[in-house]
>>> print(open('upload00.txt').read())   # compact mmCIF, C-alpha atoms
# COMPACT_ATOMS: atom_id res chain seq x y z
CA MET A 115 39.49 8.05 -7.15
CA PRO A 116 40.31 4.34 -7.42
CA GLY A 117 38.68 2.72 -10.43
CA ASN A 118 37.50 -0.74 -11.28
CA ASN A 119 40.30 -2.38 -13.25
CA THR A 120 37.84 -4.22 -15.50
CA ASP A 121 36.02 -0.97 -16.26
CA GLU A 122 39.30 0.78 -17.02
CA LEU A 123 40.19 -1.92 -19.54
CA LEU A 124 36.71 -1.77 -21.07
CA VAL A 125 36.91 2.00 -21.44
CA ALA A 126 40.34 1.81 -23.04
CA ALA A 127 39.08 -0.78 -25.54
CA LEU A 128 35.89 1.23 -26.15
CA LYS A 129 37.83 4.37 -26.92
CA LEU A 130 39.76 2.36 -29.51
CA GLY A 131 36.43 1.44 -31.11
CA SER A 132 36.21 -2.16 -29.94
CA GLN A 133 32.75 -3.56 -30.55
CA GLU A 134 33.64 -6.55 -28.37
CA ALA A 135 34.24 -4.17 -25.47
CA MET A 136 30.85 -2.60 -26.14
CA ALA A 137 29.24 -6.04 -26.00
CA MET A 138 31.01 -6.74 -22.71
CA LEU A 139 29.86 -3.40 -21.34
CA TYR A 140 26.31 -4.24 -22.36
CA ASP A 141 26.50 -7.66 -20.70
CA LYS A 142 27.85 -6.13 -17.52
CA TYR A 143 25.49 -3.16 -17.12
CA ALA A 144 22.34 -3.69 -19.23
CA CYS A 145 20.34 -5.37 -16.47
CA ALA A 146 21.03 -2.60 -13.96
CA LEU A 147 20.25 0.16 -16.47
CA LEU A 148 17.09 -1.64 -17.58
CA GLY A 149 15.95 -1.71 -13.97
CA VAL A 150 16.44 2.04 -13.71
CA LEU A 151 14.55 2.59 -16.96
CA CYS A 152 11.67 0.39 -15.88
CA LYS A 153 11.41 2.32 -12.66
CA MET A 154 11.43 5.62 -14.56
CA THR A 155 9.00 4.66 -17.33
CA GLY A 156 6.83 2.04 -15.66
CA ASN A 157 6.84 0.21 -18.98
CA LYS A 158 9.05 -2.77 -19.76
CA ASP A 159 8.69 -2.60 -23.55
CA VAL A 160 9.50 1.10 -23.68
CA SER A 161 12.40 0.55 -21.27
CA GLU A 162 13.92 -2.20 -23.41
CA GLU A 163 13.73 -0.03 -26.51
CA THR A 164 15.12 2.96 -24.62
CA LEU A 165 18.00 0.83 -23.35
CA GLN A 166 19.11 0.27 -26.94
CA HIS A 167 19.11 4.03 -27.52
CA CYS A 168 21.11 4.50 -24.33
CA PHE A 169 23.83 2.14 -25.47
CA MET A 170 23.95 3.80 -28.88
CA LYS A 171 24.48 7.15 -27.16
CA ILE A 172 27.10 5.63 -24.86
CA TRP A 173 28.92 4.37 -27.96
CA GLN A 174 28.67 7.78 -29.65
CA GLU A 175 29.91 9.65 -26.58
CA LYS A 176 32.54 7.14 -25.43
CA ASP A 177 35.36 9.63 -25.98
CA GLN A 178 33.71 12.10 -23.60
CA TYR A 179 33.96 9.76 -20.60
CA ASN A 180 36.51 10.97 -18.05
CA PRO A 181 37.37 8.42 -15.33
CA ALA A 182 38.92 11.17 -13.20
CA LYS A 183 35.49 12.83 -12.85
CA GLU A 184 33.21 9.86 -12.23
CA ARG A 185 32.87 6.12 -12.32
CA LEU A 186 31.83 4.44 -15.54
CA PHE A 187 28.46 3.30 -14.23
CA THR A 188 27.65 6.79 -12.95
CA TRP A 189 28.42 8.25 -16.38
CA MET A 190 26.29 5.60 -18.09
CA LEU A 191 23.47 6.24 -15.63
CA LYS A 192 23.51 9.96 -16.49
CA ILE A 193 23.18 9.13 -20.18
CA THR A 194 20.40 6.66 -19.43
CA ARG A 195 18.46 9.27 -17.49
CA GLU A 196 18.91 11.85 -20.26
CA VAL A 197 17.63 9.44 -22.89
CA ALA A 198 14.71 8.36 -20.67
CA LYS A 199 13.65 11.97 -20.15
CA SER A 200 13.27 12.35 -23.91
CA ILE A 201 10.56 9.64 -24.01
CA PRO A 202 7.05 11.05 -24.40
CA VAL A 203 5.16 10.63 -21.11
CA GLN A 204 2.06 9.30 -22.87
CA GLU A 205 4.06 6.46 -24.41
CA THR A 206 5.09 5.22 -20.99
CA LYS A 207 1.57 5.42 -19.56
CA ASP A 208 -0.32 3.91 -22.50
CA THR A 209 1.09 0.43 -22.17
CA LYS A 210 1.93 0.32 -18.47
CA ASN A 211 -0.79 -2.23 -17.76
CA GLN A 212 0.21 -4.27 -20.81
CA ASN A 213 3.36 -5.30 -18.98
CA LYS A 214 1.32 -6.88 -16.23
CA ALA A 215 -0.84 -8.72 -18.73
CA ASN A 216 2.23 -9.99 -20.59
CA TYR A 217 3.88 -11.40 -17.46
CA VAL A 218 2.69 -14.97 -17.91
CA GLY A 219 4.23 -16.13 -21.15
CA SER A 220 7.20 -17.79 -22.75
CA ASP A 221 10.44 -18.73 -21.03
CA ASN A 222 12.05 -15.75 -22.76
CA THR A 223 9.55 -13.43 -21.07
CA LYS A 224 10.26 -15.06 -17.72
CA THR A 225 14.00 -14.60 -18.23
CA LYS A 226 13.53 -10.91 -19.03
CA ASP A 227 11.24 -10.53 -16.02
CA SER A 228 13.85 -12.21 -13.86
CA GLU A 229 16.49 -9.74 -15.10
CA LEU A 230 14.08 -6.86 -14.55
CA ILE A 231 13.32 -7.94 -10.99
CA MET A 232 16.99 -8.40 -10.16
CA GLY A 233 17.77 -4.99 -11.66
CA LEU A 234 14.96 -3.32 -9.75
CA MET A 235 16.03 -4.85 -6.48
CA MET A 236 19.76 -4.21 -6.96
CA VAL A 237 19.65 -0.72 -8.45
CA GLY A 238 16.35 0.55 -7.17
CA HIS A 239 16.88 -0.94 -3.72
CA ILE A 240 13.30 -2.17 -3.54
CA SER A 241 11.84 -5.10 -1.65
CA GLU A 242 10.47 -8.33 -3.09
CA GLN A 243 6.95 -7.02 -2.51
CA GLU A 244 7.65 -3.80 -4.41
CA ALA A 245 9.25 -5.76 -7.27
CA ALA A 246 6.16 -7.95 -7.44
CA LEU A 247 3.91 -4.89 -7.59
CA LYS A 248 6.01 -3.17 -10.28
CA THR A 249 6.15 -6.24 -12.52
CA GLY A 250 2.68 -7.58 -11.80
CA ALA A 251 4.15 -10.93 -10.80
CA PRO A 252 2.91 -12.88 -7.79
CA LEU A 253 5.22 -12.62 -4.79
CA HIS A 254 5.99 -16.35 -4.75
CA GLN A 255 7.16 -16.19 -8.37
CA VAL A 256 9.41 -13.22 -7.58
CA ARG A 257 10.94 -15.19 -4.72
CA ASN A 258 11.42 -18.25 -6.94
CA MET A 259 13.12 -16.12 -9.59
CA LEU A 260 15.41 -14.59 -7.00
CA ARG A 261 16.35 -18.03 -5.65
CA LYS A 262 17.17 -19.25 -9.16
CA GLU A 263 19.26 -16.15 -9.92
CA ILE A 264 21.15 -16.39 -6.63
CA ASN A 265 21.84 -20.09 -7.17
CA GLN A 266 23.07 -19.34 -10.69
CA LEU A 267 25.40 -16.65 -9.34
CA ARG A 268 26.68 -19.10 -6.74
CA ARG A 269 27.46 -21.67 -9.44
CA ILE A 270 29.29 -19.07 -11.50
CA THR A 271 31.39 -17.81 -8.60
CA VAL A 272 32.27 -21.33 -7.40
CA GLU A 273 33.53 -22.42 -10.85
>>> encode(input="upload00.txt", output="structure tokens")
Amino acid sequence: MPGNNTDELLVAALKLGSQEAMAMLYDKYACALLGVLCKMTGNKDVSEETLQHCFMKIWQEKDQYNPAKERLFTWMLKITREVAKSIPVQETKDTKNQNKANYVGSDNTKTKDSELIMGLMMVGHISEQEAALKTGAPLHQVRNMLRKEINQLRRITVE
């Protein structure tokens, strides 16, 4: 199975205990995994906390990853799902509506919501309308966030 060269380098550095590689792994995959967690839990706060536990478990089990068996993201996704299943169901339901109430807030909240929406749409393969429903954001704001993110990606890839 052909692998992603960047992922192969990250895994090699991870297995040597490189914390910089772990940070790079987090930067590369956190948004996608957060989207999966939000879809599973229905709660952004719980998902963000769970994401930290996921990356701790990924760090602890880094030597168990076998690139011959599966891709790195697939392995990380399995760990993420395992960790998410250990969350008490009541915890995810109790504050589900709090996420919607917290939508309008600081720029930091908007940035996190933007990452959440992008993650939901990329990993969960959902529409703009579904992303708006899941986050409690108005559809026009979801579209504006997507435009900003796409323009930012364009600037990065052009440079």
>>> atom_distance(input="upload00.txt", atom1="CA of Ala137 (chain A)", atom2="CA of Arg261 (chain A)")
26.9 Å
>>> atom_distance(input="upload00.txt", atom1="CA of Leu130 (chain A)", atom2="CA of Lys176 (chain A)")
9.6 Å
>>> atom_distance(input="upload00.txt", atom1="CA of Thr249 (chain A)", atom2="CA of Ile201 (chain A)")
20.1 Å
>>> closest_residue(input="upload00.txt", among="A:Glu175, A:Glu184, A:Ser200, A:Gln255", to="Leu128 (chain A)", atoms="all atoms listed in the file")
A:Glu175
>>> closest_residue(input="upload00.txt", among="A:Met259, A:Ile172, A:Leu147, A:Asn265", to="Lys129 (chain A)", atoms="all atoms listed in the file")
A:Ile172
>>> closest_residue(input="upload00.txt", among="A:Leu123, A:Arg257, A:Trp189, A:Val197", to="Val160 (chain A)", atoms="only C-alpha atoms")
A:Val197
>>> residues_around(input="upload00.txt", residues="Glu196 (chain A)", least_positions_apart="5", cutoff="12 Å", atoms="all atoms listed in the file", output="list in words")
Leu151, Met154, Thr164, Leu165, His167, Cys168, Lys171, Ile172, Trp189, Met190, Leu191 and Ile201 of chain A
>>> axis_aligned_box(input="upload00.txt", around="region 183-200 of chain A", padding_each_side="6 Å", output="AutoDock Vina command-line options")
--center_x 24.4 --center_y 8.1 --center_z -18.1 --size_x 34.2 --size_y 21.5 --size_z 23.7
